[in-house]
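Student: Before we start, here is the structure in question, set down as structure tokens.
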Amino acid sequence: MVRTLYQRTVGVAAVLAGLAWAGPSRAGDAEAVSLQIGMVQGIFRDVQPGMVRALARPLQDMIQKQTGFNGGVEIAADPFILADRLDSKRYQFGVFHGFEFAWVKQKHPDFVPLAVTVPPGRKLQACVVVHVDSKMTCLADLKDECVVLPRGTKAHCYAYLDRERAGLPAGTAKPRAKPPANAEEALDAVVAGDAPAAVVDAAALAGYQSLQPGAFKQLRVLSKSESFPPTVVAYKKGAVDDETVEKVRQLLTTAHQTPTGKPLMMLWNLKGFEDVPADYDVQLEKIGKAYPSPAPVAVTAPTEK
């Protein structure tokens, strides 16, 4: 069965939640460093908090052996609230979707990306998929018809669909009210003619092609998005000491190599974390232009004392 986007969302959330909930490494140690991690609400789309906690527990055991960190996770309603709390040092680290980080970096140039996730296929891209026999040539042809998005669909897929629907009649390509359980079911619905189109991540589409090559031949990509920057763990420059920053970076980027981390990454369908790519700023600039910030970005002038 194709790994669901729901599972991928759980994976990113659980890894970072495990980091935040890790306790002191040894009894009698000095007071543990407290790290508060903020996450944007969209990362937890369709994910129950209890599920995140359950999947985080094995990672907590691994982290407790390596660090003395404790702390917690807080959820911010949107990336701008998350950014404000990171700026005020309420959080030491923040987790943003890549395109959201492009927005907040405009106001907070002192935010530093620490590590990025490695998605399956190493590409975040949204695809609108129709039946191979469909006469549609663009999204606007989906007049008064709904598209299906599976549960747990990644934020970049919604961002792409929202942008493409902008300016179209309200009923055009509207997301169906009752989403299928996973990407496989969404694509099966298109193959069977039960849905005119589906919006899925490129990795999910590739997985469907691998596992159901016959059915895949009945599909056609109507349109696809730009490649999105990966999800990022960031901090405010100077707000966290260099030693802690390096410890967290190493913990994230090596988790997939540890005896405990390897099976967890497989379970969560997450390749791991890696150092920020050299062209990440370029990626942010491009995606910021393609998907402008939905909120006014105002750089706060220094206050005179």
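Identifiers in the structure tokens: chain A, B, ... in order shown; residue index from 1 per chain; ligand index from 1 in order shown.
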Check segment 136-285 of chain A with DSSP on the backbone and list each residue it calls helix (DSSP H, G or I), as a JSON list (two decimals) with N, CA, C and O atoms, in the first residue's frame.
Tutor:
```
[["chain", "number", "residue", "atom", "x", "y", "z"],
["A", 139, "LEU", "N", -7.03, 23.53, -14.88],
["A", 139, "LEU", "CA", -7.88, 23.44, -13.69],
["A", 139, "LEU", "C", -9.21, 24.16, -13.89],
["A", 139, "LEU", "O", -10.24, 23.74, -13.35],
["A", 140, "ALA", "N", -9.21, 25.21, -14.69],
["A", 140, "ALA", "CA", -10.44, 25.96, -14.92],
["A", 140, "ALA", "C", -11.52, 25.12, -15.58],
["A", 140, "ALA", "O", -12.70, 25.45, -15.52],
["A", 141, "ASP", "N", -11.14, 24.02, -16.22],
["A", 141, "ASP", "CA", -12.12, 23.14, -16.87],
["A", 141, "ASP", "C", -12.93, 22.34, -15.86],
["A", 141, "ASP", "O", -13.93, 21.72, -16.22],
["A", 155, "ALA", "N", 0.90, 20.63, 3.14],
["A", 155, "ALA", "CA", 0.52, 22.04, 3.02],
["A", 155, "ALA", "C", 0.86, 22.61, 1.65],
["A", 155, "ALA", "O", 0.13, 23.48, 1.15],
["A", 156, "HIS", "N", 1.95, 22.16, 1.03],
["A", 156, "HIS", "CA", 2.31, 22.74, -0.26],
["A", 156, "HIS", "C", 1.27, 22.38, -1.34],
["A", 156, "HIS", "O", 1.09, 23.13, -2.30],
["A", 157, "CYS", "N", 0.58, 21.24, -1.19],
["A", 157, "CYS", "CA", -0.47, 20.88, -2.14],
["A", 157, "CYS", "C", -1.65, 21.84, -2.02],
["A", 157, "CYS", "O", -2.23, 22.27, -3.03],
["A", 158, "TYR", "N", -2.01, 22.17, -0.78],
["A", 158, "TYR", "CA", -3.09, 23.14, -0.57],
["A", 158, "TYR", "C", -2.68, 24.51, -1.08],
["A", 158, "TYR", "O", -3.50, 25.24, -1.66],
["A", 159, "ALA", "N", -1.44, 24.90, -0.85],
["A", 159, "ALA", "CA", -0.97, 26.20, -1.31],
["A", 159, "ALA", "C", -1.06, 26.30, -2.83],
["A", 159, "ALA", "O", -1.48, 27.34, -3.38],
["A", 160, "TYR", "N", -0.67, 25.23, -3.50],
["A", 160, "TYR", "CA", -0.73, 25.23, -4.97],
["A", 160, "TYR", "C", -2.16, 25.30, -5.46],
["A", 160, "TYR", "O", -2.50, 26.09, -6.35],
["A", 161, "LEU", "N", -3.03, 24.46, -4.88],
["A", 161, "LEU", "CA", -4.43, 24.46, -5.31],
["A", 161, "LEU", "C", -5.08, 25.82, -5.06],
["A", 161, "LEU", "O", -5.81, 26.33, -5.92],
["A", 162, "ASP", "N", -4.81, 26.42, -3.91],
["A", 162, "ASP", "CA", -5.38, 27.73, -3.60],
["A", 162, "ASP", "C", -4.94, 28.78, -4.62],
["A", 162, "ASP", "O", -5.74, 29.61, -5.07],
["A", 163, "ARG", "N", -3.67, 28.74, -4.97],
["A", 163, "ARG", "CA", -3.18, 29.72, -5.94],
["A", 163, "ARG", "C", -3.82, 29.52, -7.31],
["A", 163, "ARG", "O", -4.22, 30.48, -7.98],
["A", 164, "GLU", "N", -3.95, 28.26, -7.74],
["A", 164, "GLU", "CA", -4.51, 27.98, -9.05],
["A", 164, "GLU", "C", -6.01, 28.27, -9.12],
["A", 164, "GLU", "O", -6.53, 28.57, -10.20],
["A", 165, "ARG", "N", -6.69, 28.20, -7.98],
["A", 165, "ARG", "CA", -8.13, 28.47, -7.95],
["A", 165, "ARG", "C", -8.43, 29.97, -7.84],
["A", 165, "ARG", "O", -9.57, 30.38, -8.04],
["A", 183, "ALA", "N", -3.57, 8.66, -0.38],
["A", 183, "ALA", "CA", -3.35, 9.03, -1.77],
["A", 183, "ALA", "C", -3.75, 7.90, -2.72],
["A", 183, "ALA", "O", -4.24, 8.15, -3.82],
["A", 184, "GLU", "N", -3.53, 6.67, -2.32],
["A", 184, "GLU", "CA", -3.89, 5.53, -3.16],
["A", 184, "GLU", "C", -5.39, 5.53, -3.44],
["A", 184, "GLU", "O", -5.82, 5.34, -4.59],
["A", 185, "GLU", "N", -6.20, 5.75, -2.41],
["A", 185, "GLU", "CA", -7.65, 5.78, -2.60],
["A", 185, "GLU", "C", -8.06, 6.96, -3.48],
["A", 185, "GLU", "O", -8.98, 6.84, -4.30],
["A", 186, "ALA", "N", -7.40, 8.09, -3.33],
["A", 186, "ALA", "CA", -7.71, 9.25, -4.15],
["A", 186, "ALA", "C", -7.44, 8.97, -5.63],
["A", 186, "ALA", "O", -8.25, 9.29, -6.51],
["A", 187, "LEU", "N", -6.30, 8.35, -5.90],
["A", 187, "LEU", "CA", -5.95, 8.05, -7.29],
["A", 187, "LEU", "C", -6.81, 6.92, -7.85],
["A", 187, "LEU", "O", -7.18, 6.94, -9.03],
["A", 188, "ASP", "N", -7.16, 5.95, -7.00],
["A", 188, "ASP", "CA", -8.07, 4.89, -7.43],
["A", 188, "ASP", "C", -9.42, 5.48, -7.86],
["A", 188, "ASP", "O", -10.04, 5.00, -8.83],
["A", 189, "ALA", "N", -9.87, 6.51, -7.14],
["A", 189, "ALA", "CA", -11.14, 7.15, -7.47],
["A", 189, "ALA", "C", -11.10, 7.80, -8.84],
["A", 189, "ALA", "O", -12.08, 7.77, -9.59],
["A", 190, "VAL", "N", -9.96, 8.39, -9.19],
["A", 190, "VAL", "CA", -9.82, 8.99, -10.52],
["A", 190, "VAL", "C", -9.79, 7.91, -11.59],
["A", 190, "VAL", "O", -10.43, 8.03, -12.64],
["A", 191, "VAL", "N", -9.07, 6.83, -11.34],
["A", 191, "VAL", "CA", -9.00, 5.72, -12.30],
["A", 191, "VAL", "C", -10.39, 5.14, -12.55],
["A", 191, "VAL", "O", -10.77, 4.84, -13.70],
["A", 192, "ALA", "N", -11.17, 4.99, -11.49],
["A", 192, "ALA", "CA", -12.50, 4.39, -11.59],
["A", 192, "ALA", "C", -13.56, 5.36, -12.12],
["A", 192, "ALA", "O", -14.69, 4.95, -12.39],
["A", 202, "ALA", "N", 3.97, 14.62, -5.39],
["A", 202, "ALA", "CA", 4.66, 13.89, -6.45],
["A", 202, "ALA", "C", 5.21, 12.55, -5.95],
["A", 202, "ALA", "O", 5.22, 11.57, -6.70],
["A", 203, "ALA", "N", 5.64, 12.50, -4.70],
["A", 203, "ALA", "CA", 6.17, 11.25, -4.16],
["A", 203, "ALA", "C", 5.08, 10.19, -4.05],
["A", 203, "ALA", "O", 5.31, 9.00, -4.30],
["A", 204, "ALA", "N", 3.87, 10.62, -3.67],
["A", 204, "ALA", "CA", 2.75, 9.68, -3.59],
["A", 204, "ALA", "C", 2.39, 9.16, -4.98],
["A", 204, "ALA", "O", 2.06, 7.98, -5.15],
["A", 205, "LEU", "N", 2.44, 10.03, -5.97],
["A", 205, "LEU", "CA", 2.15, 9.61, -7.34],
["A", 205, "LEU", "C", 3.20, 8.62, -7.84],
["A", 205, "LEU", "O", 2.86, 7.63, -8.49],
["A", 206, "ALA", "N", 4.46, 8.87, -7.51],
["A", 206, "ALA", "CA", 5.52, 7.94, -7.90],
["A", 206, "ALA", "C", 5.35, 6.59, -7.22],
["A", 206, "ALA", "O", 5.59, 5.53, -7.82],
["A", 207, "GLY", "N", 4.92, 6.60, -5.95],
["A", 207, "GLY", "CA", 4.67, 5.36, -5.25],
["A", 207, "GLY", "C", 3.53, 4.58, -5.87],
["A", 207, "GLY", "O", 3.58, 3.35, -5.98],
["A", 208, "TYR", "N", 2.52, 5.28, -6.30],
["A", 208, "TYR", "CA", 1.38, 4.63, -6.97],
["A", 208, "TYR", "C", 1.83, 4.00, -8.28],
["A", 208, "TYR", "O", 1.42, 2.88, -8.62],
["A", 209, "GLN", "N", 2.67, 4.68, -9.02],
["A", 209, "GLN", "CA", 3.19, 4.15, -10.28],
["A", 209, "GLN", "C", 3.98, 2.87, -10.05],
["A", 209, "GLN", "O", 3.88, 1.91, -10.82],
["A", 210, "SER", "N", 4.75, 2.84, -8.97],
["A", 210, "SER", "CA", 5.57, 1.67, -8.67],
["A", 210, "SER", "C", 4.73, 0.47, -8.26],
["A", 210, "SER", "O", 5.01, -0.66, -8.69],
["A", 211, "LEU", "N", 3.71, 0.70, -7.45],
["A", 211, "LEU", "CA", 2.91, -0.40, -6.90],
["A", 211, "LEU", "C", 1.72, -0.79, -7.78],
["A", 211, "LEU", "O", 1.27, -1.93, -7.74],
["A", 213, "PRO", "N", 1.31, -0.18, -11.54],
["A", 213, "PRO", "CA", 1.68, 0.35, -12.87],
["A", 213, "PRO", "C", 0.54, 0.32, -13.88],
["A", 213, "PRO", "O", 0.44, 1.21, -14.73],
["A", 214, "GLY", "N", -0.32, -0.70, -13.79],
["A", 214, "GLY", "CA", -1.43, -0.77, -14.73],
["A", 214, "GLY", "C", -2.41, 0.35, -14.52],
["A", 214, "GLY", "O", -2.83, 1.03, -15.48],
["A", 215, "ALA", "N", -2.80, 0.58, -13.27],
["A", 215, "ALA", "CA", -3.73, 1.66, -12.96],
["A", 215, "ALA", "C", -3.11, 3.01, -13.26],
["A", 215, "ALA", "O", -3.79, 3.94, -13.72],
["A", 216, "PHE", "N", -1.81, 3.13, -13.02],
["A", 216, "PHE", "CA", -1.12, 4.40, -13.26],
["A", 216, "PHE", "C", -1.24, 4.82, -14.72],
["A", 216, "PHE", "O", -1.32, 6.03, -15.02],
["A", 242, "ASP", "N", 25.81, 28.50, 20.92],
["A", 242, "ASP", "CA", 26.35, 27.73, 19.81],
["A", 242, "ASP", "C", 26.47, 26.24, 20.13],
["A", 242, "ASP", "O", 26.24, 25.39, 19.26],
["A", 243, "GLU", "N", 26.81, 25.91, 21.37],
["A", 243, "GLU", "CA", 26.97, 24.50, 21.74],
["A", 243, "GLU", "C", 25.64, 23.75, 21.63],
["A", 243, "GLU", "O", 25.58, 22.63, 21.11],
["A", 244, "THR", "N", 24.57, 24.38, 22.10],
["A", 244, "THR", "CA", 23.26, 23.75, 22.03],
["A", 244, "THR", "C", 22.79, 23.63, 20.59],
["A", 244, "THR", "O", 22.24, 22.61, 20.17],
["A", 245, "VAL", "N", 23.01, 24.67, 19.80],
["A", 245, "VAL", "CA", 22.65, 24.64, 18.39],
["A", 245, "VAL", "C", 23.33, 23.47, 17.69],
["A", 245, "VAL", "O", 22.70, 22.71, 16.95],
["A", 246, "GLU", "N", 24.62, 23.30, 17.94],
["A", 246, "GLU", "CA", 25.36, 22.23, 17.28],
["A", 246, "GLU", "C", 24.89, 20.86, 17.76],
["A", 246, "GLU", "O", 24.80, 19.91, 16.97],
["A", 247, "LYS", "N", 24.59, 20.75, 19.04],
["A", 247, "LYS", "CA", 24.12, 19.46, 19.57],
["A", 247, "LYS", "C", 22.79, 19.07, 18.93],
["A", 247, "LYS", "O", 22.59, 17.92, 18.54],
["A", 248, "VAL", "N", 21.89, 20.03, 18.80],
["A", 248, "VAL", "CA", 20.59, 19.74, 18.18],
["A", 248, "VAL", "C", 20.76, 19.41, 16.70],
["A", 248, "VAL", "O", 20.14, 18.49, 16.16],
["A", 249, "ARG", "N", 21.65, 20.15, 16.02],
["A", 249, "ARG", "CA", 21.88, 19.88, 14.60],
["A", 249, "ARG", "C", 22.40, 18.47, 14.39],
["A", 249, "ARG", "O", 21.92, 17.73, 13.52],
["A", 250, "GLN", "N", 23.39, 18.07, 15.19],
["A", 250, "GLN", "CA", 23.95, 16.73, 15.04],
["A", 250, "GLN", "C", 22.92, 15.66, 15.38],
["A", 250, "GLN", "O", 22.87, 14.62, 14.73],
["A", 251, "LEU", "N", 22.11, 15.93, 16.38],
["A", 251, "LEU", "CA", 21.09, 14.96, 16.77],
["A", 251, "LEU", "C", 20.09, 14.73, 15.63],
["A", 251, "LEU", "O", 19.73, 13.60, 15.33],
["A", 252, "LEU", "N", 19.68, 15.81, 14.99],
["A", 252, "LEU", "CA", 18.72, 15.69, 13.89],
["A", 252, "LEU", "C", 19.33, 15.02, 12.67],
["A", 252, "LEU", "O", 18.74, 14.11, 12.08],
["A", 253, "THR", "N", 20.51, 15.46, 12.28],
["A", 253, "THR", "CA", 21.09, 15.00, 11.01],
["A", 253, "THR", "C", 21.67, 13.59, 11.08],
["A", 253, "THR", "O", 21.96, 13.01, 10.04],
["A", 254, "THR", "N", 21.83, 13.05, 12.27],
["A", 254, "THR", "CA", 22.37, 11.69, 12.39],
["A", 254, "THR", "C", 21.34, 10.69, 12.90],
["A", 254, "THR", "O", 21.65, 9.50, 13.02],
["A", 255, "ALA", "N", 20.13, 11.14, 13.17],
["A", 255, "ALA", "CA", 19.11, 10.25, 13.74],
["A", 255, "ALA", "C", 18.86, 9.03, 12.86],
["A", 255, "ALA", "O", 18.67, 7.92, 13.35],
["A", 256, "HIS", "N", 18.89, 9.22, 11.53],
["A", 256, "HIS", "CA", 18.60, 8.11, 10.62],
["A", 256, "HIS", "C", 19.71, 7.07, 10.57],
["A", 256, "HIS", "O", 19.52, 5.98, 10.00],
["A", 257, "GLN", "N", 20.85, 7.37, 11.17],
["A", 257, "GLN", "CA", 21.99, 6.45, 11.16],
["A", 257, "GLN", "C", 22.09, 5.62, 12.44],
["A", 257, "GLN", "O", 22.88, 4.68, 12.50],
["A", 261, "GLY", "N", 17.14, 5.17, 15.51],
["A", 261, "GLY", "CA", 16.58, 6.11, 14.55],
["A", 261, "GLY", "C", 16.21, 5.49, 13.22],
["A", 261, "GLY", "O", 15.21, 5.87, 12.60],
["A", 262, "LYS", "N", 16.96, 4.49, 12.75],
["A", 262, "LYS", "CA", 16.69, 3.88, 11.44],
["A", 262, "LYS", "C", 15.28, 3.32, 11.33],
["A", 262, "LYS", "O", 14.54, 3.64, 10.40],
["A", 263, "PRO", "N", 14.88, 2.45, 12.26],
["A", 263, "PRO", "CA", 13.51, 1.91, 12.13],
["A", 263, "PRO", "C", 12.44, 2.97, 12.31],
["A", 263, "PRO", "O", 11.36, 2.87, 11.73],
["A", 264, "LEU", "N", 12.74, 4.02, 13.12],
["A", 264, "LEU", "CA", 11.76, 5.08, 13.30],
["A", 264, "LEU", "C", 11.55, 5.85, 12.00],
["A", 264, "LEU", "O", 10.42, 6.20, 11.64],
["A", 265, "MET", "N", 12.64, 6.12, 11.28],
["A", 265, "MET", "CA", 12.52, 6.83, 10.01],
["A", 265, "MET", "C", 11.72, 6.00, 9.01],
["A", 265, "MET", "O", 10.93, 6.51, 8.23],
["A", 266, "MET", "N", 11.94, 4.68, 9.03],
["A", 266, "MET", "CA", 11.20, 3.79, 8.13],
["A", 266, "MET", "C", 9.71, 3.80, 8.50],
["A", 266, "MET", "O", 8.84, 3.86, 7.64],
["A", 267, "LEU", "N", 9.44, 3.76, 9.79],
["A", 267, "LEU", "CA", 8.06, 3.76, 10.25],
["A", 267, "LEU", "C", 7.34, 5.03, 9.82],
["A", 267, "LEU", "O", 6.18, 5.00, 9.39],
["A", 268, "TRP", "N", 8.05, 6.16, 9.92],
["A", 268, "TRP", "CA", 7.44, 7.45, 9.61],
["A", 268, "TRP", "C", 7.57, 7.85, 8.14],
["A", 268, "TRP", "O", 7.15, 8.93, 7.74],
["A", 280, "TYR", "N", 19.59, 27.14, -0.33],
["A", 280, "TYR", "CA", 18.30, 27.24, 0.33],
["A", 280, "TYR", "C", 17.73, 28.66, 0.28],
["A", 280, "TYR", "O", 16.53, 28.85, 0.08],
["A", 281, "ASP", "N", 18.58, 29.66, 0.42],
["A", 281, "ASP", "CA", 18.11, 31.04, 0.33],
["A", 281, "ASP", "C", 17.54, 31.33, -1.05],
["A", 281, "ASP", "O", 16.54, 32.07, -1.18],
["A", 282, "VAL", "N", 18.15, 30.77, -2.08],
["A", 282, "VAL", "CA", 17.64, 30.94, -3.44],
["A", 282, "VAL", "C", 16.28, 30.27, -3.58],
["A", 282, "VAL", "O", 15.35, 30.82, -4.18],
["A", 283, "GLN", "N", 16.15, 29.08, -3.00],
["A", 283, "GLN", "CA", 14.86, 28.38, -3.01],
["A", 283, "GLN", "C", 13.79, 29.22, -2.33],
["A", 283, "GLN", "O", 12.66, 29.32, -2.82],
["A", 284, "LEU", "N", 14.13, 29.80, -1.20],
["A", 284, "LEU", "CA", 13.18, 30.62, -0.46],
["A", 284, "LEU", "C", 12.76, 31.84, -1.27],
["A", 284, "LEU", "O", 11.58, 32.21, -1.31],
["A", 285, "GLU", "N", 13.72, 32.47, -1.93],
["A", 285, "GLU", "CA", 13.41, 33.66, -2.72],
["A", 285, "GLU", "C", 12.46, 33.32, -3.87],
["A", 285, "GLU", "O", 11.49, 34.04, -4.12]]
```
Student: I'd like the neighbourhood of Val240 of chain A as JSON, numbers by chain, where a residue qualifies if any of its atoms comes within 12 Å (using only C-alpha atoms), though same-chain residues fewer than 4 positions away should be ignored.
Tutor: {"A": [33, 34, 35, 36, 86, 87, 89, 90, 91, 92, 93, 111, 112, 114, 234, 235, 236, 244, 245, 246, 247, 248]}
Student: Find the nearest atom pair between each residue of segment 224-277 of chain A and segment 118-121 of chain A for residues within 10 Å, count only C-alpha atoms, give distances in Å to one decimal, sort rows by chain and ascending number, and present the table as a tab-separated table.
Tutor:
```
residue	atom	partner	partner_atom	distance
A:Pro230	CA	A:Val118	CA	7.1
A:Thr231	CA	A:Val118	CA	8.4
A:Val232	CA	A:Val118	CA	10.0
A:Thr253	CA	A:Val118	CA	10.0
A:Asn269	CA	A:Pro120	CA	7.4
A:Leu270	CA	A:Pro119	CA	6.1
A:Lys271	CA	A:Val118	CA	5.3
A:Gly272	CA	A:Val118	CA	5.4
A:Phe273	CA	A:Val118	CA	5.5
A:Glu274	CA	A:Val118	CA	6.7
A:Asp275	CA	A:Val118	CA	9.8
```
Student: Could you find all residues in segment 118-213 of chain A that DSSP calls strand (DSSP E) from the backbone, and write them as a list in words?
Tutor: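 Selecting the strand (DSSP E) positions of segment 118-213 of chain A gives Val118, Ala126, Cys127, Val128, Val129, Val130, His131, Cys146, Val147, Lys174, Pro175, Ala197, Ala198, Val199, Val200 and Asp201 of chain A.
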Student: Kindly save the residues from that selection, with all heavy atoms included, as an mmCIF file, in the first residue's frame.
Tutor:
```cif
data_model
loop_
_atom_site.group_PDB
_atom_site.id
_atom_site.type_symbol
_atom_site.label_atom_id
_atom_site.label_comp_id
_atom_site.auth_asym_id
_atom_site.auth_seq_id
_atom_site.Cartn_x
_atom_site.Cartn_y
_atom_site.Cartn_z
ATOM 1 N N VAL A 118 14.261 15.547 4.796
ATOM 2 C CA VAL A 118 14.516 14.911 3.507
ATOM 3 C C VAL A 118 13.252 14.149 3.118
ATOM 4 O O VAL A 118 12.986 13.065 3.634
ATOM 5 C CB VAL A 118 15.713 13.945 3.571
ATOM 6 C CG1 VAL A 118 15.990 13.359 2.192
ATOM 7 C CG2 VAL A 118 16.949 14.652 4.111
ATOM 8 N N ALA A 126 3.371 19.458 -5.878
ATOM 9 C CA ALA A 126 1.959 19.095 -5.956
ATOM 10 C C ALA A 126 1.592 18.762 -7.397
ATOM 11 O O ALA A 126 2.045 19.418 -8.336
ATOM 12 C CB ALA A 126 1.091 20.240 -5.449
ATOM 13 N N CYS A 127 0.745 17.735 -7.569
ATOM 14 C CA CYS A 127 0.301 17.321 -8.895
ATOM 15 C C CYS A 127 -1.218 17.231 -8.936
ATOM 16 O O CYS A 127 -1.830 16.639 -8.042
ATOM 17 C CB CYS A 127 0.876 15.951 -9.264
ATOM 18 S SG CYS A 127 2.676 15.873 -9.334
ATOM 19 N N VAL A 128 -1.818 17.814 -9.949
ATOM 20 C CA VAL A 128 -3.239 17.625 -10.212
ATOM 21 C C VAL A 128 -3.349 16.514 -11.240
ATOM 22 O O VAL A 128 -2.809 16.621 -12.350
ATOM 23 C CB VAL A 128 -3.900 18.916 -10.734
ATOM 24 C CG1 VAL A 128 -5.385 18.682 -11.007
ATOM 25 C CG2 VAL A 128 -3.716 20.053 -9.743
ATOM 26 N N VAL A 129 -4.038 15.440 -10.876
ATOM 27 C CA VAL A 129 -4.081 14.234 -11.701
ATOM 28 C C VAL A 129 -5.510 13.973 -12.162
ATOM 29 O O VAL A 129 -6.456 14.035 -11.369
ATOM 30 C CB VAL A 129 -3.555 13.020 -10.907
ATOM 31 C CG1 VAL A 129 -3.519 11.776 -11.781
ATOM 32 C CG2 VAL A 129 -2.160 13.314 -10.351
ATOM 33 N N VAL A 130 -5.672 13.667 -13.448
ATOM 34 C CA VAL A 130 -6.974 13.344 -14.026
ATOM 35 C C VAL A 130 -6.869 12.013 -14.754
ATOM 36 O O VAL A 130 -5.781 11.437 -14.906
ATOM 37 C CB VAL A 130 -7.440 14.445 -14.996
ATOM 38 C CG1 VAL A 130 -7.600 15.772 -14.270
ATOM 39 C CG2 VAL A 130 -6.458 14.602 -16.161
ATOM 40 N N HIS A 131 -8.006 11.508 -15.231
ATOM 41 C CA HIS A 131 -8.012 10.274 -16.010
ATOM 42 C C HIS A 131 -7.361 10.534 -17.367
ATOM 43 O O HIS A 131 -7.466 11.640 -17.916
ATOM 44 C CB HIS A 131 -9.437 9.765 -16.189
ATOM 45 C CG HIS A 131 -9.513 8.343 -16.656
ATOM 46 N ND1 HIS A 131 -9.384 7.986 -17.986
ATOM 47 C CD2 HIS A 131 -9.688 7.175 -15.981
ATOM 48 C CE1 HIS A 131 -9.484 6.677 -18.111
ATOM 49 N NE2 HIS A 131 -9.665 6.153 -16.892
ATOM 50 N N CYS A 146 -15.661 18.893 -7.948
ATOM 51 C CA CYS A 146 -14.752 18.857 -6.807
ATOM 52 C C CYS A 146 -13.538 17.988 -7.093
ATOM 53 O O CYS A 146 -13.633 16.973 -7.791
ATOM 54 C CB CYS A 146 -15.468 18.313 -5.567
ATOM 55 S SG CYS A 146 -16.788 19.373 -4.960
ATOM 56 N N VAL A 147 -12.407 18.382 -6.567
ATOM 57 C CA VAL A 147 -11.213 17.545 -6.618
ATOM 58 C C VAL A 147 -11.065 16.844 -5.273
ATOM 59 O O VAL A 147 -11.588 17.315 -4.261
ATOM 60 C CB VAL A 147 -9.943 18.371 -6.927
ATOM 61 C CG1 VAL A 147 -10.063 19.058 -8.261
ATOM 62 C CG2 VAL A 147 -9.686 19.389 -5.827
ATOM 63 N N LYS A 174 -13.199 22.768 -6.353
ATOM 64 C CA LYS A 174 -13.315 22.876 -4.898
ATOM 65 C C LYS A 174 -12.982 21.542 -4.244
ATOM 66 O O LYS A 174 -13.397 20.492 -4.721
ATOM 67 C CB LYS A 174 -14.744 23.288 -4.532
ATOM 68 C CG LYS A 174 -14.972 23.524 -3.053
ATOM 69 C CD LYS A 174 -16.400 23.965 -2.802
ATOM 70 C CE LYS A 174 -16.652 24.181 -1.320
ATOM 71 N NZ LYS A 174 -18.052 24.612 -1.056
ATOM 72 N N PRO A 175 -12.219 21.517 -3.150
ATOM 73 C CA PRO A 175 -11.912 20.248 -2.477
ATOM 74 C C PRO A 175 -13.177 19.543 -2.007
ATOM 75 O O PRO A 175 -14.078 20.171 -1.460
ATOM 76 C CB PRO A 175 -11.035 20.680 -1.289
ATOM 77 C CG PRO A 175 -10.436 21.970 -1.719
ATOM 78 C CD PRO A 175 -11.490 22.647 -2.543
ATOM 79 N N ALA A 197 -10.707 14.564 -10.578
ATOM 80 C CA ALA A 197 -9.295 14.917 -10.408
ATOM 81 C C ALA A 197 -8.890 14.729 -8.950
ATOM 82 O O ALA A 197 -9.730 14.748 -8.053
ATOM 83 C CB ALA A 197 -9.043 16.370 -10.834
ATOM 84 N N ALA A 198 -7.610 14.541 -8.748
ATOM 85 C CA ALA A 198 -7.051 14.431 -7.400
ATOM 86 C C ALA A 198 -5.810 15.300 -7.324
ATOM 87 O O ALA A 198 -5.109 15.491 -8.327
ATOM 88 C CB ALA A 198 -6.700 12.987 -7.065
ATOM 89 N N VAL A 199 -5.552 15.822 -6.139
ATOM 90 C CA VAL A 199 -4.334 16.579 -5.889
ATOM 91 C C VAL A 199 -3.490 15.779 -4.900
ATOM 92 O O VAL A 199 -3.928 15.507 -3.783
ATOM 93 C CB VAL A 199 -4.626 17.974 -5.308
ATOM 94 C CG1 VAL A 199 -3.322 18.741 -5.074
ATOM 95 C CG2 VAL A 199 -5.542 18.760 -6.243
ATOM 96 N N VAL A 200 -2.302 15.372 -5.333
ATOM 97 C CA VAL A 200 -1.423 14.565 -4.493
ATOM 98 C C VAL A 200 0.005 15.068 -4.617
ATOM 99 O O VAL A 200 0.356 15.775 -5.564
ATOM 100 C CB VAL A 200 -1.466 13.062 -4.878
ATOM 101 C CG1 VAL A 200 -2.865 12.488 -4.671
ATOM 102 C CG2 VAL A 200 -0.989 12.850 -6.308
ATOM 103 N N ASP A 201 0.816 14.673 -3.670
ATOM 104 C CA ASP A 201 2.240 14.990 -3.720
ATOM 105 C C ASP A 201 2.914 14.117 -4.771
ATOM 106 O O ASP A 201 2.508 12.970 -5.022
ATOM 107 C CB ASP A 201 2.858 14.741 -2.345
ATOM 108 C CG ASP A 201 4.329 15.096 -2.306
ATOM 109 O OD1 ASP A 201 4.648 16.286 -2.364
ATOM 110 O OD2 ASP A 201 5.155 14.167 -2.232
#
```
Student: Have a look at A:Thr117, A:Thr153, A:Gln125, A:Gln212 and name the one nearest to Asn182 of chain A; count only C-alpha atoms.
Tutor: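 The closest residue to Asn182 of chain A is A:Thr153.
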Student: Please determine, counting only C-alpha atoms, which residue among A:Ser134, A:Leu149, A:Gly38, A:Phe80 has the shortest atom-to-atom distance to Glu100 of chain A.
Tutor: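 Comparing A:Ser134, A:Leu149, A:Gly38, A:Phe80 against Glu100 of chain A, the winner is A:Phe80.
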Student: For atom CA of Lys154 of chain A and atom CA of Phe101 of chain A, determine how far apart the two atoms are, in Å to one decimal place.
Tutor: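 For atom CA of Lys154 of chain A relative to atom CA of Phe101 of chain A, the distance reads 15.4 Å.
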Student: So what do you get for atom CA of Leu219 of chain A versus atom CA of Arg122 of chain A, distance-wise?
Tutor: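 Separating atom CA of Leu219 of chain A from atom CA of Arg122 of chain A is a distance of 22.5 Å.
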Student: If you measure from atom CA of Pro109 of chain A to atom CA of Ala77 of chain A, what distance in Å do you get, rounded to one decimal?
Tutor: 21.4 Å
Student: Mind checking which residues fall within 7 Å of Phe99 of chain A, counting only C-alpha atoms, ignoring those fewer than 3 positions away in the same chain, and posting them as a ChimeraX atom specification?
Tutor: /A:102-103,228-229,284,287-288
